[in-house]
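Student: Could you have a look at this structure, given as structure tokens, before my questions?
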Number of protein chains: 2
Amino acid sequence: MIQEAHPALAPERRDRIRNLVREGGVARVEDLRKNLKVSVATIRRDLEILEEEGKVKRVHGGAVSMESRLEESVFDDKTNQATKQKKKIAEDALKLVGHEESVFLDGGSTTLFLARLLKQRTDITVVTNSLRAMEELADSGPRVIFIGGEFRRISQTMVGPLSSAVLEQIRVDKAFMGTMGFCLKNGITTTDPNEAYVKRVVAEHAGQVILMADSTKAEKVSFARVSDWDQVDILISDKAIPLNFTKTLRKRGIKVRLP
Amino acid sequence: MIQEAHPALAPERRDRIRNLVREGGVARVEDLRKNLKVSVATIRRDLEILEEEGKVKRVHGGAVSMESRLEESVFDDKTNQATKQKKKIAEDALKLVGHEESVFLDGGSTTLFLARLLKQRTDITVVTNSLRAMEELADSGPRVIFIGGEFRRISQTMVGPLSSAVLEQIRVDKAFMGTMGFCLKNGITTTDPNEAYVKRVVAEHAGQVILMADSTKAEKVSFARVSDWDQVDILISDKAIPLNFTKTLRKRGIKVRLP
DNA sequence: TCAGAAACGATCAAAATCAATCGTAATCGA
DNA sequence: TCGATTACGATTGATTTTGATCGTTTCTGA
């Protein structure tokens with residue numbers, strides 16, 4: 001093959017894609033192809049990789065920047081395939097909430113679906129640090145106790161040491177937790193250390209810890225370590241989770257539910 | 001640079017719709033169609049999505065912005081007249097917020113207007129127990145610390161003893177407080193004892209206490225007593241307040257501002 | 001209240017885009 | 001040099017988006 005002026009190595013090309021997306025806020029596949037002189041297949045592969053790395057958000061026809069305001073819709077993305085699984089997980093979690101119990105609701109989209117379901121239950125008390133969950137329950141529904149603290153915009157949750165001030169004074173029957181990643185070796189991990197800290201404190205004050213995480217989170221390891229598996233009582237995931245995963249966890253005494 | 005040959009990406013188009021709706025307050029489907037050069041079917045589909053995401057409110061013939069709806073709900077049962085005064089009070093209060101200061105924002109519509117103005121200030125720290133104020137600052141703006149506690153639906157604020165857990169650990173330069181009623185004899189009063197309690201704790205942890213209350217609140221006495229006048233440093237009200245009121249308060253060393 | 005007009009939702013087909021697969025070329029280590 | 005691996009481009013069938021059509025609903029003015 002005849003070498004072009006600049007063959008552009010793969011990482012370099014992805015860097016350029018990233019910049020183009022960031023500069024314009026959005027970029028379509030066709031424009032990127034013309035700009036970088038490669039096939040659309042390559043562009044798509046690159047975008048796939050960049051999305052996994054959390055650098056860009058793919059959309060039909062191209063990609064949008066994560067920094068851009070356009071990305072707001074990432075949080076409640078209906079087109080996301082994992083959404084259906086998340087809803088199923090939330091519906092299963094609802095069954096675990098008993099009469100007049102108190103539950104903690106963590107941040108994240110999966111638990112947000114649970115919040116929506118809990119709106120009908122006026123017999124319980126919901127404790128949360130998620131602004132989105134709070135908004136969901138603002139008009140009507142159960143008694144709500146909100147954990148204060150420093151506001152983290154990316155996750156729309158309250159985090160940091162101030163949060164524990166309220167947590168120290170309460171106790172919940174069940175804590176429904178979300179996570180960015182979980183794997184057998186490294187346990188539960190998330191992106192922000194402050195967030196991880198709050199999750200740990202919550203776990204200490206909960207009768208049962210229930211982890212809600214779809215299979216896309218399996219074997220993912222994020223930056224901040226939350227806890228090991230011995231803190232978790234129940235895992236609710238979906239059937240796409242690896243079989244040895246389920247086996248190992250059950251051996252360790254963790255209930256695994258796959259609705 | 002001409003790339004209008006390709007249509008805009010879907011999220012980009014929705015963002016433009018959102019902006020058009022926000023700028024005009026309302027937008028007709030037909031206008032959006034001409035502006036974005038797509039069919040009405042696409043516009044309708046986009047509006048449907050944006051409504052589900054809570055970004056706009058659909059109406060027959062087009063859509064209206066959520067901000068204008070928020071404005072309306074702030075009107076609530078109050079008259080237009082009082083709203084203008086409240087805005088003026090908020091604008092005056094903004095002048096008191098210095099560089100890199102930390103401020104507390106109380107619940108209520110008057111302070112909500114101030115929250116909207118503070119969105120531009122990224123150099124400060126805002127502490128609040130008002131869900132409405134929190135929502136106002138959720139997307140962007142200053143650093144936000146939210147006071148947790150038990151959620152009181154009527155006022156959309158966090159109240160009760162749990163709230164003081166976070167408050168005990170912080171200190172603010174200025175506390176901007178609202179109230180249901182104030183009079184010379186009984187001081188500051190509000191409807192709920194739990195709310196009154198939080199207001200007292202806040203006042204203890206504030207360098208300055210600034211009461212924001214339009215003249216319709218003057219000489220009103222509510223159920224729960226918050227504090228006496230000696231806790232207040234500055235009162236911001238409007239010119240319709242009785243003259244002897246101003247005189248007496250100034251004699252007691254309280255600054256009275258009437259924008 | 002009623003009729004015409006405007007706007008709406010549902011449905012379908014065309015176009016654009018995507019994901020999966022396969023073959024080829026370049027690269028690397030043995 | 002050989003075989004394995006990786007990166008890339010082309011092809012094909014599947015999916016998504018879009019615009020047009022049609023019957024229904026909602027608004028408006030008489």
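By order of appearance in the structure tokens: chains A, B, ..., then residues from 1 within every chain, and ligands from 1 in the order shown.
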Produce a table with one row for each residue of chain D that has an atom at most 12 Å from any atom of chain A, each row naming the nearest atom pair and its distance in Å at one decimal; use only C-alpha atoms (C1' of nucleotides); arrange rows by chain and rising residue number; format as CSV.

Tutor:
```
residue,atom,partner,partner_atom,distance
D:DT6,C1',A:Ala10,CA,11.5
D:DA7,C1',A:Ala10,CA,8.7
D:DC8,C1',A:Thr42,CA,6.9
D:DG9,C1',A:Ser39,CA,6.4
D:DA10,C1',A:Ala41,CA,9.3
D:DT11,C1',A:Ala41,CA,11.5
D:DT15,C1',A:His60,CA,10.6
D:DT16,C1',A:His60,CA,7.6
D:DT17,C1',A:His60,CA,8.4
```

Student: Write out as a CSV table (one decimal) with N, CA and C atoms, in the first residue's frame each polymer residue whose atoms come within 8 Å of stretch 214-221 of chain B, counting only C-alpha atoms (C1' of nucleotides); drop sequence neighbours fewer than 5 positions from it.

Tutor:
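To be explicit, this is the file written out as around05.csv:
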```
chain,number,residue,atom,x,y,z
B,82,ALA,N,-46.6,41.7,43.9
B,82,ALA,CA,-45.7,41.2,44.9
B,82,ALA,C,-44.4,40.6,44.2
B,85,GLN,N,-41.9,43.2,43.3
B,85,GLN,CA,-41.1,43.6,44.5
B,85,GLN,C,-40.1,42.5,44.9
B,86,LYS,N,-40.5,41.3,44.8
B,86,LYS,CA,-39.6,40.2,45.2
B,86,LYS,C,-38.4,40.2,44.3
B,89,ILE,N,-36.2,43.0,45.3
B,89,ILE,CA,-35.5,42.7,46.6
B,89,ILE,C,-34.3,41.7,46.3
B,179,THR,N,-39.4,34.7,55.1
B,179,THR,CA,-40.3,34.5,56.2
B,179,THR,C,-41.7,34.6,55.8
B,180,MET,N,-42.6,34.1,56.6
B,180,MET,CA,-44.1,34.2,56.3
B,180,MET,C,-44.6,35.5,56.9
B,181,GLY,N,-44.0,36.0,58.0
B,181,GLY,CA,-44.5,37.2,58.6
B,181,GLY,C,-43.5,37.8,59.5
B,182,PHE,N,-43.5,39.1,59.6
B,182,PHE,CA,-42.7,39.8,60.6
B,182,PHE,C,-43.4,41.0,61.2
B,183,CYS,N,-43.3,41.2,62.5
B,183,CYS,CA,-43.8,42.4,63.1
B,183,CYS,C,-43.0,42.9,64.2
B,184,LEU,N,-43.1,44.1,64.6
B,184,LEU,CA,-42.2,44.7,65.6
B,184,LEU,C,-42.4,44.0,66.9
B,186,ASN,N,-43.7,40.7,67.7
B,186,ASN,CA,-43.4,39.3,67.8
B,186,ASN,C,-42.2,38.8,67.0
B,188,ILE,N,-39.9,37.6,64.0
B,188,ILE,CA,-40.0,36.8,62.8
B,188,ILE,C,-40.8,35.5,63.1
B,189,THR,N,-41.8,35.2,62.3
B,189,THR,CA,-42.6,34.0,62.5
B,189,THR,C,-42.8,33.3,61.2
B,190,THR,N,-43.0,32.0,61.3
B,190,THR,CA,-43.3,31.2,60.1
B,190,THR,C,-44.3,30.1,60.5
B,236,ILE,N,-34.3,43.6,53.9
B,236,ILE,CA,-34.6,44.2,52.5
B,236,ILE,C,-36.1,44.0,52.3
B,237,SER,N,-36.8,45.1,52.1
B,237,SER,CA,-38.2,45.1,51.8
B,237,SER,C,-38.5,46.0,50.7
B,238,ASP,N,-39.7,46.6,50.7
B,238,ASP,CA,-40.0,47.6,49.7
B,238,ASP,C,-40.7,48.8,50.3
B,239,LYS,N,-40.9,49.8,49.5
B,239,LYS,CA,-41.3,51.2,50.0
B,239,LYS,C,-42.7,51.2,50.6
B,240,ALA,N,-43.4,50.2,50.3
B,240,ALA,CA,-44.8,50.1,50.9
B,240,ALA,C,-44.8,49.8,52.3
B,241,ILE,N,-43.7,49.5,52.9
B,241,ILE,CA,-43.6,49.1,54.3
B,241,ILE,C,-43.9,50.4,55.1
```

Student: Can you pull out the residues contacting B:Val144? Cut-off 7 Å, using only C-alpha atoms (C1' of nucleotides), and skip same-chain residues under 3 positions away; I want them as a list in words.

Tutor: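 Selected residues are Glu150 and Phe151 of chain A; Thr125, Val126 and Val127 of chain B.
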
Student: Write the residues you've just listed into a file as a compact mmCIF listing (two decimals), in the first residue's frame, and include C-alpha atoms for each of them.

Tutor:
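Result went into result20.txt, see below:
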```txt
# COMPACT_ATOMS: atom_id res chain seq x y z
CA GLU A 150 -21.53 18.94 48.75
CA PHE A 151 -23.27 18.79 45.40
CA THR B 125 -20.42 28.88 47.74
CA VAL B 126 -24.15 28.55 48.19
CA VAL B 127 -25.61 26.66 51.13
```

Student: Based on only C-alpha atoms (C1' of nucleotides), which of the residues in chain B come within 12 Å of chain C? I want them as a VMD selection string.

Tutor: chain B and resid 6 to 7 9 28 to 30 40 to 41 44 to 45 48 58 to 62

Student: Rounded to one decimal place, report the atom CA of B:Asp192-atom CA of B:Ala224 distance in Å.

Tutor: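 Pair atom CA of B:Asp192 / atom CA of B:Ala224 returns 5.7 Å.
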
Student: What are the closest atom pairs, with distances in Å to one decimal, for each residue of chain A lying within 10 Å of chain B, using only C-alpha atoms, rows by chain and rising residue number, as CSV?

Tutor:
```
residue,atom,partner,partner_atom,distance
A:Gly25,CA,B:Glu12,CA,8.4
A:Val26,CA,B:Glu12,CA,7.2
A:Ala27,CA,B:Leu9,CA,8.0
A:Arg28,CA,B:Leu9,CA,7.1
A:Glu30,CA,B:His6,CA,9.0
A:Asp31,CA,B:Gln3,CA,8.8
A:Val59,CA,B:Pro11,CA,7.8
A:His60,CA,B:Ala10,CA,7.5
A:Gly61,CA,B:Leu9,CA,6.5
A:Gly62,CA,B:Leu9,CA,7.3
A:Ala63,CA,B:Leu9,CA,8.5
A:Val64,CA,B:Pro11,CA,8.0
A:Arg69,CA,B:Asp15,CA,8.3
A:Leu70,CA,B:Asp15,CA,6.4
A:Glu71,CA,B:Pro11,CA,8.4
A:Glu72,CA,B:Asp139,CA,9.0
A:Ser73,CA,B:Glu53,CA,7.6
A:Phe75,CA,B:Glu53,CA,9.8
A:Asp76,CA,B:Glu53,CA,7.3
A:Asp77,CA,B:Glu53,CA,8.9
A:Lys78,CA,B:Ile49,CA,9.0
A:Val126,CA,B:Glu150,CA,10.0
A:Val127,CA,B:Glu150,CA,9.0
A:Thr128,CA,B:Gly148,CA,9.5
A:Asn129,CA,B:Gly148,CA,8.5
A:Leu131,CA,B:Glu135,CA,8.2
A:Arg132,CA,B:Glu135,CA,9.4
A:Met134,CA,B:Leu131,CA,8.5
A:Glu135,CA,B:Leu131,CA,8.1
A:Leu137,CA,B:Arg153,CA,9.4
A:Ala138,CA,B:Arg153,CA,6.6
A:Asp139,CA,B:Arg153,CA,6.8
A:Ser140,CA,B:Arg153,CA,7.7
A:Gly141,CA,B:Arg153,CA,9.9
A:Arg143,CA,B:Phe151,CA,7.3
A:Val144,CA,B:Phe151,CA,5.4
A:Ile145,CA,B:Glu150,CA,4.4
A:Phe146,CA,B:Gly148,CA,4.8
A:Ile147,CA,B:Gly148,CA,4.5
A:Gly148,CA,B:Gly148,CA,3.7
A:Gly149,CA,B:Phe146,CA,5.4
A:Glu150,CA,B:Ile145,CA,4.4
A:Phe151,CA,B:Val144,CA,5.4
A:Arg152,CA,B:Val144,CA,8.4
A:Arg153,CA,B:Ala138,CA,6.6
A:Ile154,CA,B:Asp139,CA,9.0
A:Gln156,CA,B:Ala138,CA,7.4
A:Thr157,CA,B:Ala138,CA,9.9
A:Met158,CA,B:Phe146,CA,7.5
A:Val159,CA,B:Ile145,CA,9.4
A:Pro161,CA,B:Val166,CA,9.6
A:Leu162,CA,B:Val166,CA,6.0
A:Ser163,CA,B:Val166,CA,7.4
A:Ser164,CA,B:Val166,CA,8.6
A:Ala165,CA,B:Ala165,CA,5.4
A:Val166,CA,B:Ala165,CA,5.7
A:Leu167,CA,B:Leu162,CA,9.1
A:Glu168,CA,B:Ala165,CA,9.1
A:Gln169,CA,B:Leu162,CA,7.6
A:Ile170,CA,B:Leu162,CA,9.0
```

Student: Let me see the file: selected residues, C-alpha atoms, as an mmCIF file, in the first residue's frame.

Tutor:
```cif
data_model
loop_
_atom_site.group_PDB
_atom_site.id
_atom_site.type_symbol
_atom_site.label_atom_id
_atom_site.label_comp_id
_atom_site.auth_asym_id
_atom_site.auth_seq_id
_atom_site.Cartn_x
_atom_site.Cartn_y
_atom_site.Cartn_z
ATOM 1 C CA GLY A 25 -19.876 19.904 20.384
ATOM 2 C CA VAL A 26 -20.991 17.330 17.827
ATOM 3 C CA ALA A 27 -19.458 15.634 14.803
ATOM 4 C CA ARG A 28 -21.011 13.388 12.220
ATOM 5 C CA GLU A 30 -19.264 11.393 7.393
ATOM 6 C CA ASP A 31 -17.433 14.613 8.268
ATOM 7 C CA VAL A 59 -25.482 9.108 18.742
ATOM 8 C CA HIS A 60 -27.101 8.070 15.495
ATOM 9 C CA GLY A 61 -25.077 9.729 12.753
ATOM 10 C CA GLY A 62 -22.036 10.659 14.798
ATOM 11 C CA ALA A 63 -21.048 11.609 18.324
ATOM 12 C CA VAL A 64 -21.490 14.422 20.827
ATOM 13 C CA ARG A 69 -24.704 20.631 27.269
ATOM 14 C CA LEU A 70 -26.048 18.306 24.651
ATOM 15 C CA GLU A 71 -24.826 15.472 26.780
ATOM 16 C CA GLU A 72 -27.420 16.165 29.445
ATOM 17 C CA SER A 73 -29.656 13.594 27.901
ATOM 18 C CA PHE A 75 -28.441 10.523 32.032
ATOM 19 C CA ASP A 76 -31.929 9.540 31.043
ATOM 20 C CA ASP A 77 -31.324 8.075 27.658
ATOM 21 C CA LYS A 78 -34.313 6.160 26.417
ATOM 22 C CA VAL A 126 -36.958 6.901 51.705
ATOM 23 C CA VAL A 127 -33.482 8.210 52.461
ATOM 24 C CA THR A 128 -31.442 9.426 49.514
ATOM 25 C CA ASN A 129 -28.543 11.576 48.388
ATOM 26 C CA LEU A 131 -31.196 14.987 43.588
ATOM 27 C CA ARG A 132 -32.908 13.213 40.736
ATOM 28 C CA MET A 134 -35.551 13.666 45.351
ATOM 29 C CA GLU A 135 -37.194 15.490 42.469
ATOM 30 C CA LEU A 137 -40.564 12.174 45.029
ATOM 31 C CA ALA A 138 -40.989 15.913 45.560
ATOM 32 C CA ASP A 139 -44.691 16.202 44.754
ATOM 33 C CA SER A 140 -46.078 13.176 46.516
ATOM 34 C CA GLY A 141 -45.129 9.767 47.817
ATOM 35 C CA ARG A 143 -41.690 10.304 53.645
ATOM 36 C CA VAL A 144 -38.359 11.513 52.333
ATOM 37 C CA ILE A 145 -35.149 12.253 54.163
ATOM 38 C CA PHE A 146 -32.463 13.847 52.106
ATOM 39 C CA ILE A 147 -28.780 13.498 52.809
ATOM 40 C CA GLY A 148 -27.082 16.846 52.498
ATOM 41 C CA GLY A 149 -23.495 17.522 51.577
ATOM 42 C CA GLU A 150 -21.526 18.941 48.746
ATOM 43 C CA PHE A 151 -23.269 18.790 45.400
ATOM 44 C CA ARG A 152 -21.509 16.842 42.660
ATOM 45 C CA ARG A 153 -22.900 18.015 39.339
ATOM 46 C CA ILE A 154 -21.770 15.120 37.185
ATOM 47 C CA GLN A 156 -26.289 14.939 40.622
ATOM 48 C CA THR A 157 -25.700 13.567 44.089
ATOM 49 C CA MET A 158 -24.550 14.815 47.462
ATOM 50 C CA VAL A 159 -21.139 13.597 48.459
ATOM 51 C CA PRO A 161 -17.777 14.212 54.555
ATOM 52 C CA LEU A 162 -20.691 16.565 55.230
ATOM 53 C CA SER A 163 -23.034 13.872 53.994
ATOM 54 C CA SER A 164 -22.074 11.517 56.758
ATOM 55 C CA ALA A 165 -23.290 14.020 59.340
ATOM 56 C CA VAL A 166 -26.891 13.121 58.620
ATOM 57 C CA LEU A 167 -26.160 9.483 57.879
ATOM 58 C CA GLU A 168 -24.593 8.983 61.297
ATOM 59 C CA GLN A 169 -27.937 9.720 62.899
ATOM 60 C CA ILE A 170 -30.104 7.295 61.005
#
```

Student: Give me the residues within 10 Å of B:Glu136 as a short mmCIF file (atom, residue, chain, number, x, y, z; two decimals) with C-alpha atoms, in the first residue's frame, counting only C-alpha atoms (C1' of nucleotides) and dropping any in the same chain fewer than 5 places off.

Tutor:
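Result saved to out.cif:
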```cif
data_model
loop_
_atom_site.label_atom_id
_atom_site.label_comp_id
_atom_site.auth_asym_id
_atom_site.auth_seq_id
_atom_site.Cartn_x
_atom_site.Cartn_y
_atom_site.Cartn_z
CA GLU B 67 -38.57 28.29 32.88
CA LEU B 112 -35.62 31.66 44.74
CA PHE B 113 -35.27 34.77 42.61
CA ALA B 115 -30.89 31.80 43.47
CA ARG B 116 -31.55 32.48 39.83
CA LEU B 117 -29.32 35.53 39.93
CA LEU B 118 -26.58 33.66 41.76
CA LYS B 119 -26.36 31.12 38.96
CA SER B 130 -34.49 24.66 49.49
CA LEU B 131 -35.09 22.04 46.82
CA GLY B 141 -23.24 27.85 38.73
#
```

Student: Quick one, how far is atom CA of B:Gly160 from atom CA of A:Gly178?

Tutor: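 Between atom CA of B:Gly160 and atom CA of A:Gly178 the gap is 28.0 Å.
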
Student: If you run DSSP on the backbone, which residues of stretch 105-175 of chain A are strand (DSSP E or B), as a list in words?

Tutor: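 Taking stretch 105-175 of chain A and keeping strand (DSSP E or B) gives Leu105, Thr125, Val126, Val127, Thr128, Ser130, Arg143, Val144, Ile145, Phe146, Gly149, Glu150, Phe151, Arg152, Thr157, Met158, Val159, Val172, Asp173, Lys174 and Ala175 of chain A.
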
Student: Quote the spacing between atom CA of B:Glu23 and atom C1' of D:DT18 in Å to one decimal place.

Tutor: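 Separation between atom CA of B:Glu23 and atom C1' of D:DT18: 26.7 Å.
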
Student: Can you list, as a PyMOL selection string, all residues belonging to stretch 7-52 of chain A that DSSP tags as alpha helix (DSSP H)?

Tutor: chain A and resi 10-24+29-36+40-52
